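Source file: my_file11.cif. Holds: mmCIF, C-alpha atoms.
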data_upload
#
loop_
_atom_site.group_PDB
_atom_site.id
_atom_site.type_symbol
_atom_site.label_atom_id
_atom_site.label_comp_id
_atom_site.auth_asym_id
_atom_site.auth_seq_id
_atom_site.Cartn_x
_atom_site.Cartn_y
_atom_site.Cartn_z
ATOM 1 C CA MET L 1 126.860 89.255 66.064
ATOM 2 C CA THR L 2 130.491 90.346 65.839
ATOM 3 C CA LYS L 3 132.150 91.143 62.519
ATOM 4 C CA LEU L 4 134.294 88.018 62.858
ATOM 5 C CA GLY L 5 131.155 85.977 63.381
ATOM 6 C CA GLN L 6 129.584 87.471 60.254
ATOM 7 C CA TRP L 7 132.653 86.745 58.132
ATOM 8 C CA LEU L 8 132.922 83.193 59.450
ATOM 9 C CA LEU L 9 129.214 82.579 58.849
ATOM 10 C CA THR L 10 129.425 83.881 55.269
ATOM 11 C CA LEU L 11 132.575 81.876 54.554
ATOM 12 C CA GLY L 12 131.036 78.806 56.133
ATOM 13 C CA LEU L 13 127.859 79.080 54.061
ATOM 14 C CA LEU L 14 129.729 79.688 50.796
ATOM 15 C CA GLY L 15 132.252 76.945 51.589
ATOM 16 C CA GLY L 16 129.513 74.531 52.509
ATOM 17 C CA THR L 17 127.625 75.263 49.281
ATOM 18 C CA TRP L 18 130.807 74.772 47.250
ATOM 19 C CA ALA L 19 131.691 71.507 49.038
ATOM 20 C CA GLY L 20 128.154 70.204 48.734
ATOM 21 C CA LEU L 21 128.067 70.867 45.003
ATOM 22 C CA THR L 22 131.646 69.697 44.296
ATOM 23 C CA PHE L 23 131.311 66.371 46.093
ATOM 24 C CA ASP L 24 127.744 65.943 44.820
ATOM 25 C CA ALA L 25 126.375 65.504 48.338
ATOM 26 C CA LEU L 26 122.796 66.102 47.213
ATOM 27 C CA GLY L 27 123.105 64.082 44.026
ATOM 28 C CA LEU L 28 121.953 67.003 41.931
ATOM 29 C CA GLY L 29 123.853 65.890 38.816
ATOM 30 C CA LEU L 30 125.455 69.072 37.458
ATOM 31 C CA PRO L 31 126.564 69.068 33.796
ATOM 32 C CA GLU L 32 130.233 68.136 33.280
ATOM 33 C CA SER L 33 131.286 71.658 32.232
ATOM 34 C CA GLY L 34 129.649 73.121 35.342
ATOM 35 C CA ARG L 35 131.518 70.684 37.613
ATOM 36 C CA ARG L 36 134.798 71.443 35.835
ATOM 37 C CA LEU L 37 134.226 75.167 36.438
ATOM 38 C CA LEU L 38 133.152 74.732 40.036
ATOM 39 C CA TRP L 39 135.929 72.841 41.755
ATOM 40 C CA PRO L 40 138.803 75.365 41.254
ATOM 41 C CA LEU L 41 136.527 78.301 42.204
ATOM 42 C CA PRO L 42 138.008 79.023 45.689
ATOM 43 C CA ALA L 43 141.512 79.151 44.195
ATOM 44 C CA TYR L 44 140.201 81.322 41.359
ATOM 45 C CA LEU L 45 138.576 83.804 43.750
ATOM 46 C CA LEU L 46 141.800 84.065 45.757
ATOM 47 C CA VAL L 47 143.908 84.650 42.635
ATOM 48 C CA ALA L 48 141.389 87.184 41.292
ATOM 49 C CA PHE L 49 141.438 89.070 44.589
ATOM 50 C CA GLY L 50 145.255 89.009 44.557
ATOM 51 C CA CYS L 51 145.309 90.418 41.018
ATOM 52 C CA TYR L 52 142.857 93.153 42.003
ATOM 53 C CA SER L 53 144.989 94.092 45.034
ATOM 54 C CA LEU L 54 148.173 94.165 42.953
ATOM 55 C CA ALA L 55 146.519 96.284 40.249
ATOM 56 C CA THR L 56 145.142 98.746 42.833
ATOM 57 C CA VAL L 57 148.525 99.139 44.521
ATOM 58 C CA GLY L 58 150.263 99.552 41.160
ATOM 59 C CA TYR L 59 147.742 102.098 39.904
ATOM 60 C CA ARG L 60 147.858 104.228 43.055
ATOM 61 C CA LEU L 61 151.668 104.087 43.038
ATOM 62 C CA ALA L 62 151.730 105.277 39.426
ATOM 63 C CA THR L 63 149.216 108.109 39.919
ATOM 64 C CA PHE L 64 150.524 109.405 43.248
ATOM 65 C CA ASN L 65 151.698 112.962 42.523
ATOM 66 C CA ASP L 66 154.420 114.990 44.171
ATOM 67 C CA CYS L 67 153.183 117.834 46.348
ATOM 68 C CA ARG L 68 155.820 120.483 45.637
ATOM 69 C CA GLY L 69 154.317 123.152 47.908
ATOM 70 C CA ALA L 70 153.900 120.828 50.868
ATOM 71 C CA ALA L 71 157.413 119.386 50.388
ATOM 72 C CA GLU L 72 159.033 122.842 50.421
ATOM 73 C CA GLU L 73 156.963 123.901 53.418
ATOM 74 C CA LEU L 74 158.004 120.761 55.287
ATOM 75 C CA GLN L 75 161.706 121.308 54.519
ATOM 76 C CA ALA L 76 161.453 124.931 55.708
ATOM 77 C CA GLN L 77 159.881 123.725 58.946
ATOM 78 C CA ILE L 78 162.670 121.147 59.379
ATOM 79 C CA ARG L 79 165.324 123.859 58.968
ATOM 80 C CA GLU L 80 163.471 126.099 61.430
ATOM 81 C CA ALA L 81 163.174 123.300 64.009
ATOM 82 C CA ARG L 82 166.844 122.385 63.582
ATOM 83 C CA ALA L 83 167.970 125.988 64.110
ATOM 84 C CA ASP L 84 165.732 126.328 67.143
ATOM 85 C CA LEU L 85 167.042 123.131 68.755
ATOM 86 C CA GLU L 86 170.679 124.026 68.037
ATOM 87 C CA SER L 87 170.170 127.397 69.704
ATOM 88 C CA ARG L 88 169.008 125.513 72.792
ATOM 89 C CA GLY L 89 172.186 123.470 72.826
ATOM 90 C CA PHE L 90 171.026 120.273 71.154
ATOM 91 C CA CYS L 91 173.919 118.575 69.320
ATOM 92 C CA PHE L 92 173.105 117.013 65.929
ATOM 93 C CA MET W 1 151.939 100.805 35.621
ATOM 94 C CA GLY W 2 153.911 97.627 35.033
ATOM 95 C CA LEU W 3 152.208 96.119 38.051
ATOM 96 C CA VAL W 4 148.793 96.955 36.578
ATOM 97 C CA GLY W 5 149.693 95.374 33.230
ATOM 98 C CA PHE W 6 151.143 92.279 34.864
ATOM 99 C CA SER W 7 148.093 91.699 37.047
ATOM 100 C CA LEU W 8 145.773 92.227 34.056
ATOM 101 C CA VAL W 9 147.691 89.586 32.061
ATOM 102 C CA VAL W 10 147.603 87.127 34.961
ATOM 103 C CA PHE W 11 143.913 87.785 35.568
ATOM 104 C CA THR W 12 142.958 87.352 31.901
ATOM 105 C CA TYR W 13 144.985 84.145 31.444
ATOM 106 C CA TYR W 14 143.714 82.654 34.691
ATOM 107 C CA THR W 15 140.099 83.620 33.972
ATOM 108 C CA ILE W 16 140.220 81.977 30.536
ATOM 109 C CA TRP W 17 141.845 78.908 32.115
ATOM 110 C CA VAL W 18 139.294 78.451 34.928
ATOM 111 C CA ILE W 19 136.056 80.071 33.671
ATOM 112 C CA VAL W 20 136.084 79.893 29.862
ATOM 113 C CA LEU W 21 137.773 76.567 29.036
ATOM 114 C CA PRO W 22 135.101 74.243 30.541
ATOM 115 C CA PHE W 23 132.656 75.599 27.957
ATOM 116 C CA VAL W 24 135.045 75.259 25.022
ATOM 117 C CA ASP W 25 134.914 72.092 22.906
ATOM 118 C CA SER W 26 137.740 69.698 23.879
ATOM 119 C CA SER W 27 138.982 69.528 20.278
ATOM 120 C CA HIS W 28 139.485 73.326 20.025
ATOM 121 C CA ILE W 29 143.147 74.460 19.726
ATOM 122 C CA LEU W 30 142.662 76.925 22.609
ATOM 123 C CA HIS W 31 143.205 74.035 25.026
ATOM 124 C CA SER W 32 146.781 73.612 23.761
ATOM 125 C CA TYR W 33 147.729 76.965 25.318
ATOM 126 C CA PHE W 34 146.774 75.814 28.801
ATOM 127 C CA LEU W 35 148.097 73.176 31.178
ATOM 128 C CA PRO W 36 145.806 70.466 32.581
ATOM 129 C CA ARG W 37 143.206 71.860 34.953
ATOM 130 C CA GLU W 38 144.829 70.523 38.116
ATOM 131 C CA TYR W 39 147.679 73.009 37.668
ATOM 132 C CA ALA W 40 145.187 75.888 37.963
ATOM 133 C CA VAL W 41 145.065 75.076 41.691
ATOM 134 C CA ILE W 42 148.557 73.614 42.209
ATOM 135 C CA LEU W 43 150.478 76.561 40.709
ATOM 136 C CA PRO W 44 148.869 79.324 42.840
ATOM 137 C CA ALA W 45 149.189 77.092 45.929
ATOM 138 C CA VAL W 46 152.913 76.562 45.284
ATOM 139 C CA ALA W 47 153.378 80.276 44.572
ATOM 140 C CA GLY W 48 151.600 81.122 47.831
ATOM 141 C CA LEU W 49 153.791 78.730 49.812
ATOM 142 C CA LEU W 50 156.888 80.205 48.173
ATOM 143 C CA LEU W 51 155.716 83.685 49.164
ATOM 144 C CA VAL W 52 155.197 82.604 52.775
ATOM 145 C CA LEU W 53 158.663 80.992 52.733
ATOM 146 C CA LEU W 54 160.297 84.175 51.445
ATOM 147 C CA VAL W 55 158.467 86.463 53.885
ATOM 148 C CA GLY W 56 159.290 84.141 56.781
ATOM 149 C CA THR W 57 162.951 83.976 55.796
ATOM 150 C CA PHE W 58 163.114 87.761 55.542
ATOM 151 C CA ILE W 59 161.591 88.200 59.005
ATOM 152 C CA ALA W 60 163.966 85.571 60.450
ATOM 153 C CA VAL W 61 167.026 87.307 58.950
ATOM 154 C CA VAL W 62 165.952 90.740 60.211
ATOM 155 C CA MET W 63 165.223 89.424 63.710
ATOM 156 C CA TRP W 64 168.536 87.543 63.794
ATOM 157 C CA LYS W 65 170.500 90.643 62.812
ATOM 158 C CA SER W 66 168.783 92.804 65.430
ATOM 159 C CA ARG W 67 169.466 90.540 68.413
ATOM 160 C CA LYS W 68 171.416 92.153 71.245
ATOM 161 C CA PRO W 69 174.068 90.319 73.319
ATOM 162 C CA ALA W 70 172.349 88.863 76.404
ATOM 163 C CA LYS W 71 175.095 89.655 78.931
ATOM 164 C CA LYS W 72 177.376 92.643 79.169
ATOM 165 C CA THR W 73 180.813 92.059 80.699
ATOM 166 C CA ASP W 74 181.998 94.880 82.984
#

So, in terms of structure tokens, how does the structure I just supplied come out?
Amino acid sequence: MTKLGQWLLTLGLLGGTWAGLTFDALGLGLPESGRRLLWPLPAYLLVAFGCYSLATVGYRLATFNDCRGAAEELQAQIREARADLESRGFCF
Amino acid sequence: MGLVGFSLVVFTYYTIWVIVLPFVDSSHILHSYFLPREYAVILPAVAGLLLVLLVGTFIAVVMWKSRKPAKKTD
């Protein structure tokens, strides 16, 4: 099965379970607190995933360090390339 | 790090709202810090739509600005 098929199957199963329990299709009679928790769950999972993504991006932004050596090496290579191209008549 | 703090606050508040409150007695004062439960779905949905609106507007503006004149007069 393709990856898309796997994702759709998983989502379909989870969504079907959620819908079945929320709309009491099987007449299982969940306690009131359980039902109150259950129905916003898809929205909750989306918001939780969004928070996790935001936190990961923020953390990696904050801990990304400068690479002084690599930066200087790159700038030296840029100057070298520029000089080489100018000597061949390239106009900047 | 502000992003991390912000998302932690949002996650904690939202988790208490959706996961914890159903198990808290309805007379407890904790409920007074939270809107009715419907808003736990409406607010993120509205925020998501707003985000899509903003992203779409941005793309439209950028594409509009980058259009080239169709005909060139000689």

Return as a PDB file with C-alpha atoms, in the coordinates of the input the residues belonging to chain L that are within 12 Å of chain W, counting all atoms listed in the file.
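Just written: part.pdb:
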ATOM      1  CA  PRO L  31     126.564  69.068  33.796  1.00  0.00           C
ATOM      2  CA  GLU L  32     130.233  68.136  33.280  1.00  0.00           C
ATOM      3  CA  SER L  33     131.286  71.658  32.232  1.00  0.00           C
ATOM      4  CA  GLY L  34     129.649  73.121  35.342  1.00  0.00           C
ATOM      5  CA  ARG L  35     131.518  70.684  37.613  1.00  0.00           C
ATOM      6  CA  ARG L  36     134.798  71.443  35.835  1.00  0.00           C
ATOM      7  CA  LEU L  37     134.226  75.167  36.438  1.00  0.00           C
ATOM      8  CA  LEU L  38     133.152  74.732  40.036  1.00  0.00           C
ATOM      9  CA  TRP L  39     135.929  72.841  41.755  1.00  0.00           C
ATOM     10  CA  PRO L  40     138.803  75.365  41.254  1.00  0.00           C
ATOM     11  CA  LEU L  41     136.527  78.301  42.204  1.00  0.00           C
ATOM     12  CA  PRO L  42     138.008  79.023  45.689  1.00  0.00           C
ATOM     13  CA  ALA L  43     141.512  79.151  44.195  1.00  0.00           C
ATOM     14  CA  TYR L  44     140.201  81.322  41.359  1.00  0.00           C
ATOM     15  CA  LEU L  45     138.576  83.804  43.750  1.00  0.00           C
ATOM     16  CA  LEU L  46     141.800  84.065  45.757  1.00  0.00           C
ATOM     17  CA  VAL L  47     143.908  84.650  42.635  1.00  0.00           C
ATOM     18  CA  ALA L  48     141.389  87.184  41.292  1.00  0.00           C
ATOM     19  CA  PHE L  49     141.438  89.070  44.589  1.00  0.00           C
ATOM     20  CA  GLY L  50     145.255  89.009  44.557  1.00  0.00           C
ATOM     21  CA  CYS L  51     145.309  90.418  41.018  1.00  0.00           C
ATOM     22  CA  TYR L  52     142.857  93.153  42.003  1.00  0.00           C
ATOM     23  CA  SER L  53     144.989  94.092  45.034  1.00  0.00           C
ATOM     24  CA  LEU L  54     148.173  94.165  42.953  1.00  0.00           C
ATOM     25  CA  ALA L  55     146.519  96.284  40.249  1.00  0.00           C
ATOM     26  CA  THR L  56     145.142  98.746  42.833  1.00  0.00           C
ATOM     27  CA  VAL L  57     148.525  99.139  44.521  1.00  0.00           C
ATOM     28  CA  GLY L  58     150.263  99.552  41.160  1.00  0.00           C
ATOM     29  CA  TYR L  59     147.742 102.098  39.904  1.00  0.00           C
ATOM     30  CA  ARG L  60     147.858 104.228  43.055  1.00  0.00           C
ATOM     31  CA  LEU L  61     151.668 104.087  43.038  1.00  0.00           C
ATOM     32  CA  ALA L  62     151.730 105.277  39.426  1.00  0.00           C
ATOM     33  CA  THR L  63     149.216 108.109  39.919  1.00  0.00           C
ATOM     34  CA  PHE L  64     150.524 109.405  43.248  1.00  0.00           C
TER      35      PHE L  64
END

>> What's the separation between CA of Ile16 in chain W and CA of His28 in chain W, in Å to one decimal place?
In response: 13.6 Å

If I wrap all listed atoms of range 76-84 of chain L in a box with edges along x, y and z and add 8 Å on each side, what are its centre and edge lengths in Å to one decimal, as lines of an AutoDock Vina configuration file?
center_x = 163.9
center_y = 123.7
center_z = 61.4
size_x = 24.1
size_y = 21.2
size_z = 27.4

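As for CA of Leu14 in chain L and CA of Val46 in chain W, they are spaced 24.0 Å apart.
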